[in-house]
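So this block is final39.txt, compact mmCIF, C-alpha atoms:
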# COMPACT_ATOMS: atom_id res chain seq x y z
CA MET E 68 23.81 -22.60 -10.09
CA MET E 69 24.58 -21.55 -6.51
CA ASP E 70 28.00 -20.28 -7.59
CA ALA E 71 26.39 -18.03 -10.18
CA MET E 72 23.84 -16.77 -7.65
CA SER E 73 26.54 -16.19 -5.05
CA LEU E 74 28.55 -14.19 -7.58
CA LEU E 75 25.53 -12.04 -8.47
CA VAL E 76 24.76 -11.49 -4.79
CA THR E 77 28.36 -10.41 -4.14
CA VAL E 78 28.41 -8.04 -7.11
CA THR E 79 25.08 -6.53 -6.07
CA VAL E 80 26.25 -6.00 -2.48
CA VAL E 81 29.46 -4.35 -3.71
CA PHE E 82 27.48 -1.93 -5.90
CA TYR E 83 25.16 -1.06 -3.02
CA ILE E 84 28.07 -0.45 -0.65
CA LEU E 85 29.84 1.74 -3.21
CA SER E 86 26.57 3.61 -3.76
CA THR E 87 26.33 4.19 -0.01
CA MET E 88 29.83 5.68 -0.05
CA GLY E 89 28.86 7.90 -2.97
CA TYR E 90 25.79 9.24 -1.19
CA PHE E 91 27.72 9.93 1.99
CA GLY E 92 30.28 11.73 -0.15
CA TYR E 93 27.40 13.84 -1.44
CA LEU E 94 26.15 14.47 2.11
CA PHE E 95 29.50 15.76 3.33
CA LEU E 96 30.88 17.42 0.20
CA GLN E 97 27.62 18.59 -1.37
CA ARG E 98 28.89 18.07 -4.88
CA GLU E 99 26.55 16.82 -7.57
CA PHE E 100 29.18 14.39 -8.86
CA TRP E 101 28.89 12.26 -5.72
CA GLN E 102 25.10 12.12 -5.90
CA LYS E 103 25.17 11.10 -9.56
CA LEU E 104 27.80 8.49 -8.75
CA GLY E 105 25.74 7.08 -5.89
CA TYR E 106 22.60 6.98 -8.03
CA GLY E 107 24.41 5.36 -10.94
CA LEU E 108 26.01 2.70 -8.75
CA LEU E 109 22.66 1.96 -7.13
CA GLY E 110 21.14 1.59 -10.59
CA ALA E 111 23.93 -0.81 -11.61
CA GLY E 112 23.33 -2.80 -8.42
CA PHE E 113 19.62 -2.92 -9.16
CA PHE E 114 20.33 -4.26 -12.64
CA CYS E 115 22.50 -7.06 -11.20
CA HIS E 116 19.89 -7.66 -8.53
CA SER E 117 17.20 -8.07 -11.20
CA LEU E 118 19.41 -10.52 -13.09
CA LEU E 119 19.86 -12.47 -9.86
CA LEU E 120 16.12 -12.76 -9.26
CA GLY E 121 15.43 -13.58 -12.89
CA TYR E 122 18.08 -16.31 -12.82
CA ALA E 123 16.63 -17.75 -9.61
CA PHE E 124 13.10 -17.63 -11.03
CA VAL E 125 14.13 -19.56 -14.14
CA HIS E 126 16.11 -22.11 -12.13
CA PHE E 127 13.43 -22.84 -9.53
CA GLY E 128 10.53 -22.34 -11.91
CA SER E 129 8.78 -20.26 -9.26
CA LEU E 130 9.02 -17.07 -7.26
CA PRO E 131 12.30 -17.17 -5.25
CA ALA E 132 10.69 -16.74 -1.83
CA HIS E 133 11.19 -20.20 -0.34
CA ASN E 134 13.01 -19.02 2.79
CA LEU E 135 14.20 -15.86 4.53
CA HIS E 136 17.36 -15.68 2.39
CA GLN E 137 15.35 -15.48 -0.81
CA THR E 138 12.58 -13.32 0.62
CA LEU E 139 15.15 -10.74 1.72
CA LEU E 140 16.55 -10.76 -1.81
CA LEU E 141 13.10 -9.66 -2.95
CA VAL E 142 12.89 -7.07 -0.16
CA GLY E 143 16.23 -5.51 -1.13
CA TRP E 144 15.15 -5.43 -4.78
CA ALA E 145 11.85 -3.74 -3.92
CA VAL E 146 13.51 -1.10 -1.72
CA THR E 147 16.11 -0.27 -4.35
CA GLY E 148 13.66 -0.20 -7.24
CA PHE E 149 11.24 2.05 -5.38
CA PHE E 150 13.98 4.46 -4.34
CA LEU E 151 15.30 4.80 -7.90
CA VAL E 152 11.83 5.86 -9.03
CA PHE E 153 11.35 7.98 -5.90
CA GLN E 154 14.51 10.00 -6.46
CA TYR E 155 13.77 10.46 -10.14
CA ARG E 156 10.27 11.73 -9.33
CA PHE E 157 10.86 13.89 -6.25
CA GLN E 158 14.56 14.75 -6.51
CA VAL E 159 15.10 14.35 -2.75
CA LYS E 160 18.67 13.32 -3.46
CA VAL E 161 19.88 13.19 0.13
CA MET E 162 17.50 10.26 0.77
CA GLY E 163 20.20 8.08 -0.76
CA ILE E 164 21.99 8.12 2.61
CA TYR E 165 18.99 6.15 3.92
CA ALA E 166 18.02 3.98 0.95
CA ALA E 167 21.45 2.78 -0.21
CA PRO E 168 22.63 1.58 3.25
CA LEU E 169 19.23 -0.04 3.83
CA ALA E 170 19.48 -1.99 0.57
CA ALA E 171 23.08 -2.98 1.35
CA PHE E 172 22.15 -4.08 4.87
CA VAL E 173 19.25 -6.24 3.68
CA MET E 174 21.44 -7.89 1.06
CA ILE E 175 24.29 -8.52 3.50
CA VAL E 176 21.90 -10.12 6.00
CA SER E 177 20.41 -12.23 3.20
CA SER E 178 23.87 -13.38 2.08
CA ARG E 179 24.67 -14.60 5.60
CA LEU E 180 21.58 -16.82 5.83
CA PRO E 181 21.35 -20.44 4.62
CA VAL E 182 21.02 -20.52 0.84
CA GLU E 183 19.34 -23.87 0.24
CA PRO E 184 15.62 -23.31 -0.33
CA ALA E 185 12.80 -25.44 0.96
CA GLN E 186 11.21 -27.92 -1.41
CA VAL E 187 9.34 -26.01 -4.10
CA GLN E 188 5.59 -26.48 -3.73
CA ALA E 189 3.17 -26.19 -6.64
CA HIS E 190 1.46 -23.14 -5.13
CA PHE E 191 4.71 -21.16 -5.40
CA ARG E 192 4.06 -21.09 -9.15
CA SER E 193 0.66 -19.46 -8.74
CA PHE E 194 0.24 -16.14 -10.56
CA TRP E 195 -1.66 -14.75 -7.59
CA LEU E 196 1.16 -15.62 -5.19
CA ILE E 197 3.72 -13.87 -7.39
CA PHE E 198 1.41 -10.88 -7.78
CA HIS E 199 0.63 -10.77 -4.05
CA VAL E 200 4.25 -10.97 -2.86
CA VAL E 201 5.75 -8.54 -5.38
CA VAL E 202 3.05 -5.88 -4.99
CA ILE E 203 3.04 -6.15 -1.19
CA LEU E 204 6.84 -5.80 -1.02
CA LEU E 205 6.79 -2.74 -3.30
CA GLY E 206 4.14 -1.21 -1.06
CA GLU E 207 6.24 -1.94 2.01
CA ALA E 208 9.26 -0.40 0.27
CA ALA E 209 7.19 2.77 -0.11
CA PHE E 210 6.39 2.70 3.61
CA ALA E 211 10.10 2.19 4.36
CA MET E 212 10.85 5.30 2.32
CA ALA E 213 8.12 7.22 4.16
CA CYS E 214 9.83 6.23 7.42
CA GLY E 215 13.15 7.57 6.14
CA VAL E 216 11.53 10.83 5.06
CA GLY E 217 9.90 11.07 8.49
CA ILE E 218 13.28 10.72 10.19
CA LEU E 219 14.78 13.47 8.02
CA TYR E 220 11.75 15.66 8.75
CA LEU E 221 12.27 15.36 12.51
CA VAL E 222 16.00 16.09 12.15
CA GLN E 223 15.33 19.19 10.05
CA GLU E 224 12.53 20.39 12.32
CA TYR E 225 14.81 20.07 15.35
CA ALA E 226 17.49 22.13 13.62
CA ILE E 227 15.00 24.88 12.75
CA LYS E 228 13.26 25.04 16.14
CA ASN E 229 16.55 25.15 18.03
CA LYS E 230 18.04 27.60 15.55
CA LYS E 231 20.94 25.23 14.95
CA ARG E 232 21.37 25.88 11.28
CA GLY E 233 24.43 23.71 10.98
CA PHE E 234 25.36 20.52 9.20
CA PHE E 235 21.95 18.97 8.53
CA TYR E 236 19.99 22.20 8.05
CA ARG E 237 22.09 23.14 5.05
CA ARG E 238 21.86 19.66 3.54
CA LEU E 239 18.25 18.60 4.06
CA PRO E 240 15.24 19.72 1.97
CA SER E 241 12.55 22.04 3.31
CA LEU E 242 9.99 20.71 5.77
CA GLU E 243 7.25 21.27 3.20
CA LEU E 244 9.01 19.14 0.58
CA LEU E 245 9.72 16.37 3.09
CA ASP E 246 6.11 16.38 4.28
CA THR E 247 4.80 16.24 0.71
CA THR E 248 7.09 13.41 -0.38
CA GLY E 249 6.40 11.43 2.78
CA TYR E 250 2.67 11.72 2.15
CA ALA E 251 3.13 10.62 -1.47
CA CYS E 252 5.05 7.54 -0.32
CA ILE E 253 2.26 6.61 2.10
CA VAL E 254 -0.44 7.04 -0.56
CA PHE E 255 1.54 4.94 -3.01
CA GLY E 256 2.35 2.31 -0.38
CA PHE E 257 -1.25 2.12 0.84
CA THR E 258 -2.53 1.67 -2.71
CA LEU E 259 -0.08 -1.15 -3.39
CA LEU E 260 -0.79 -2.75 -0.01
CA THR E 261 -4.50 -2.76 -0.75
CA VAL E 262 -4.04 -4.26 -4.22
CA GLY E 263 -1.53 -6.78 -2.86
CA LEU E 264 -3.91 -7.91 -0.10
CA ILE E 265 -6.65 -8.43 -2.66
CA GLY E 266 -4.22 -10.59 -4.63
CA GLY E 267 -3.50 -12.50 -1.41
CA PHE E 268 -7.21 -13.16 -0.84
CA LEU E 269 -7.54 -14.51 -4.37
CA TYR E 270 -4.45 -16.67 -3.88
CA ALA E 271 -5.86 -18.05 -0.61
CA LYS E 272 -9.12 -18.89 -2.36
CA THR E 273 -7.32 -20.89 -5.06
CA VAL E 274 -5.10 -22.80 -2.58
CA TRP E 275 -7.23 -23.25 0.55
CA GLY E 276 -10.70 -22.69 -0.86
CA ARG E 277 -11.40 -19.61 1.27
CA PHE E 278 -10.45 -15.93 1.14
CA TRP E 279 -9.63 -15.65 4.86
CA SER E 280 -8.27 -18.21 7.32
CA GLY E 281 -7.50 -16.10 10.38
CA ASP E 282 -3.76 -16.72 10.05
CA PRO E 283 -1.69 -14.39 12.32
CA LYS E 284 -0.03 -12.87 9.25
CA GLU E 285 -3.41 -12.05 7.77
CA ILE E 286 -4.57 -10.49 11.02
CA TRP E 287 -1.47 -8.32 11.38
CA SER E 288 -1.58 -7.36 7.70
CA GLY E 289 -5.11 -6.16 8.39
CA ILE E 290 -3.87 -4.19 11.41
CA MET E 291 -1.15 -2.61 9.27
CA TRP E 292 -3.72 -1.70 6.59
CA LEU E 293 -5.99 -0.12 9.20
CA PHE E 294 -3.07 1.83 10.67
CA TYR E 295 -2.13 3.46 7.36
CA ALA E 296 -5.80 3.93 6.44
CA ALA E 297 -6.28 5.83 9.72
CA LEU E 298 -3.15 7.88 9.06
CA LEU E 299 -4.42 8.91 5.62
CA HIS E 300 -7.92 9.58 6.96
CA GLU E 301 -6.64 11.81 9.74
CA ARG E 302 -4.44 13.74 7.33
CA LEU E 303 -7.32 14.41 4.96
CA THR E 304 -9.96 15.18 7.59
CA VAL E 305 -8.15 16.50 10.67
CA GLY E 306 -5.01 17.77 8.98
CA TRP E 307 -2.34 15.49 10.43
CA ARG E 308 0.76 16.92 8.81
CA GLY E 309 4.32 17.73 9.63
CA ARG E 310 5.70 16.32 12.86
CA LYS E 311 2.70 14.15 13.72
CA SER E 312 2.65 12.58 10.27
CA ALA E 313 6.42 11.98 10.39
CA ILE E 314 6.19 10.23 13.76
CA MET E 315 3.29 8.06 12.63
CA SER E 316 5.22 7.08 9.50
CA ILE E 317 8.02 5.79 11.70
CA VAL E 318 5.60 3.97 14.02
CA GLY E 319 3.89 2.44 11.00
CA PHE E 320 7.19 1.07 9.75
CA VAL E 321 7.75 -0.60 13.14
CA VAL E 322 4.34 -2.26 12.78
CA LEU E 323 5.36 -3.31 9.27
CA LEU E 324 8.58 -4.92 10.49
CA PHE E 325 6.70 -6.91 13.11
CA THR E 326 4.14 -7.98 10.51
CA PHE E 327 6.86 -9.02 8.07
CA LEU E 328 9.16 -10.93 10.42
CA GLY E 329 7.99 -10.85 14.03
CA VAL E 330 4.67 -12.56 13.32
CA ASN E 331 6.40 -15.50 11.64
CA VAL E 332 8.92 -15.85 14.46
CA PHE E 333 6.60 -15.47 17.45
CA LEU E 334 3.13 -16.38 16.21
CA LYS E 335 3.80 -18.88 13.41
CA GLY E 336 1.22 -19.65 10.72
CA HIS E 337 1.22 -20.82 7.11
CA HIS E 338 3.23 -17.76 6.00
CA GLY E 339 6.20 -18.99 8.02
CA GLU E 340 7.73 -20.86 5.10
CA PHE E 341 8.61 -17.55 3.44
CA THR E 342 10.86 -16.51 6.31
CA GLN E 343 12.28 -19.77 7.63
CA TRP E 344 16.06 -20.19 7.90

Please express what this file holds, its structure, as structure tokens.
Amino acid sequence: MMDAMSLLVTVTVVFYILSTMGYFGYLFLQREFWQKLGYGLLGAGFFCHSLLLGYAFVHFGSLPAHNLHQTLLLVGWAVTGFFLVFQYRFQVKVMGIYAAPLAAFVMIVSSRLPVEPAQVQAHFRSFWLIFHVVVILLGEAAFAMACGVGILYLVQEYAIKNKKRGFFYRRLPSLELLDTTGYACIVFGFTLLTVGLIGGFLYAKTVWGRFWSGDPKEIWSGIMWLFYAALLHERLTVGWRGRKSAIMSIVGFVVLLFTFLGVNVFLKGHHGEFTQW
């Protein structure tokens, strides 16, 4: 079983690395062939990635999130899947230089971690756990994409303000398009985060008999929710757009990373089993 999973992991990583090369070819050469190649290779990697997770699900009989190795497999899948839809919808093709390397990096890190999972507990088979984890990770993938868009926005804004219409200016989308797509990613991510947290409350009720236990992960998830809620509120009421929105998208992603991994490492709690290694 592990040999088959290792093979699928290797094939997926190879596809993601080749996709990264394709997107960088597109960045430097600006030929549509390289973008289509990068997108196609990423799609092929996503297909293999989905087979990997499906195989693991059938083998373990539960969501493959028993340790950091498996959880990162889910993270890489969510990032790739969201980007494929993102590019199809918004046609911000150059974002592949951010998404493809990110997916490859997550998968490479995952492949270097211990593979053997912890003992499968009955609650890992809960519908609400599966729903909670998958929806939350897709929402966080949307926030990751918003962070990438924010970075590109700042790069493009710098080029325009300093009248350095060189390499990046000619290759990046307009500030208006970047601002619009970044906002869409945050709206989508916030919606999924909200739905995913509701699923988490229902899961907690079925397992521990209460919706809220004050676990550090729950507290920081609430902080993350409030952060993005404030960002959306300020955009709609005060008009936070452009540079300010881009910076806050990047800051929000830092908060997300701490919530995802830092909390489990430094603060512990009953969510720690998902990221142990």

Write out as a tab-separated table the residues of stretch 146-223 of chain E that have any atom within 12 Å of an atom of stretch 72-79 of chain E, one row each with the nearest atom pair and its distance in Å to one decimal, counting all atoms listed in the file, sorted by chain and then rising number.
residue	atom	partner	partner_atom	distance
E:Thr147	CA	E:Thr79	CA	11.1
E:Ala167	CA	E:Thr79	CA	11.6
E:Ala170	CA	E:Thr79	CA	9.8
E:Ala171	CA	E:Thr79	CA	8.5
E:Phe172	CA	E:Thr79	CA	11.6
E:Val173	CA	E:Thr79	CA	11.4
E:Met174	CA	E:Val76	CA	7.6
E:Ile175	CA	E:Val76	CA	8.8
E:Val176	CA	E:Val76	CA	11.2
E:Ser177	CA	E:Val76	CA	9.1
E:Ser178	CA	E:Val76	CA	7.2
E:Arg179	CA	E:Val76	CA	10.8
E:Leu180	CA	E:Ser73	CA	12.0
E:Pro181	CA	E:Ser73	CA	11.8
E:Val182	CA	E:Ser73	CA	9.2
E:Glu183	CA	E:Met72	CA	11.5

Checklist line | Close residues, E:Gly309 itself excluded, 8 Å, only C-alpha atoms, min 2 positions apart in chain, as a PyMOL selection string | finding: chain E and resi 220+242-243+246+307+311-313

For E:Ile203: contacts at 8 Å, all atoms listed in the file, fewer than 2 positions along chain excluded, given as a PDB file with C-alpha atoms, keeping the file's coordinate frame:
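Saved file around-v4.pdb follows:
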ATOM      1  CA  HIS E 199       0.630 -10.770  -4.050  1.00  0.00           C
ATOM      2  CA  VAL E 200       4.250 -10.970  -2.860  1.00  0.00           C
ATOM      3  CA  VAL E 201       5.750  -8.540  -5.380  1.00  0.00           C
ATOM      4  CA  LEU E 205       6.790  -2.740  -3.300  1.00  0.00           C
ATOM      5  CA  GLY E 206       4.140  -1.210  -1.060  1.00  0.00           C
ATOM      6  CA  GLU E 207       6.240  -1.940   2.010  1.00  0.00           C
ATOM      7  CA  LEU E 259      -0.080  -1.150  -3.390  1.00  0.00           C
ATOM      8  CA  LEU E 260      -0.790  -2.750  -0.010  1.00  0.00           C
ATOM      9  CA  VAL E 262      -4.040  -4.260  -4.220  1.00  0.00           C
ATOM     10  CA  GLY E 263      -1.530  -6.780  -2.860  1.00  0.00           C
ATOM     11  CA  LEU E 264      -3.910  -7.910  -0.100  1.00  0.00           C
TER      12      LEU E 264
END

Notebook entry, point to check: For E:Glu99, which residue out of E:Val161, E:Val146, E:Val305, E:Ala111 is the nearest one, using all atoms listed in the file?
Noted result: E:Val161

Item checked: Length of the atom CA of E:Val202 to atom CA of E:Gly329 vector [Å] ->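 We find that atom CA of E:Val202 and atom CA of E:Gly329 lie 20.3 Å from each other.
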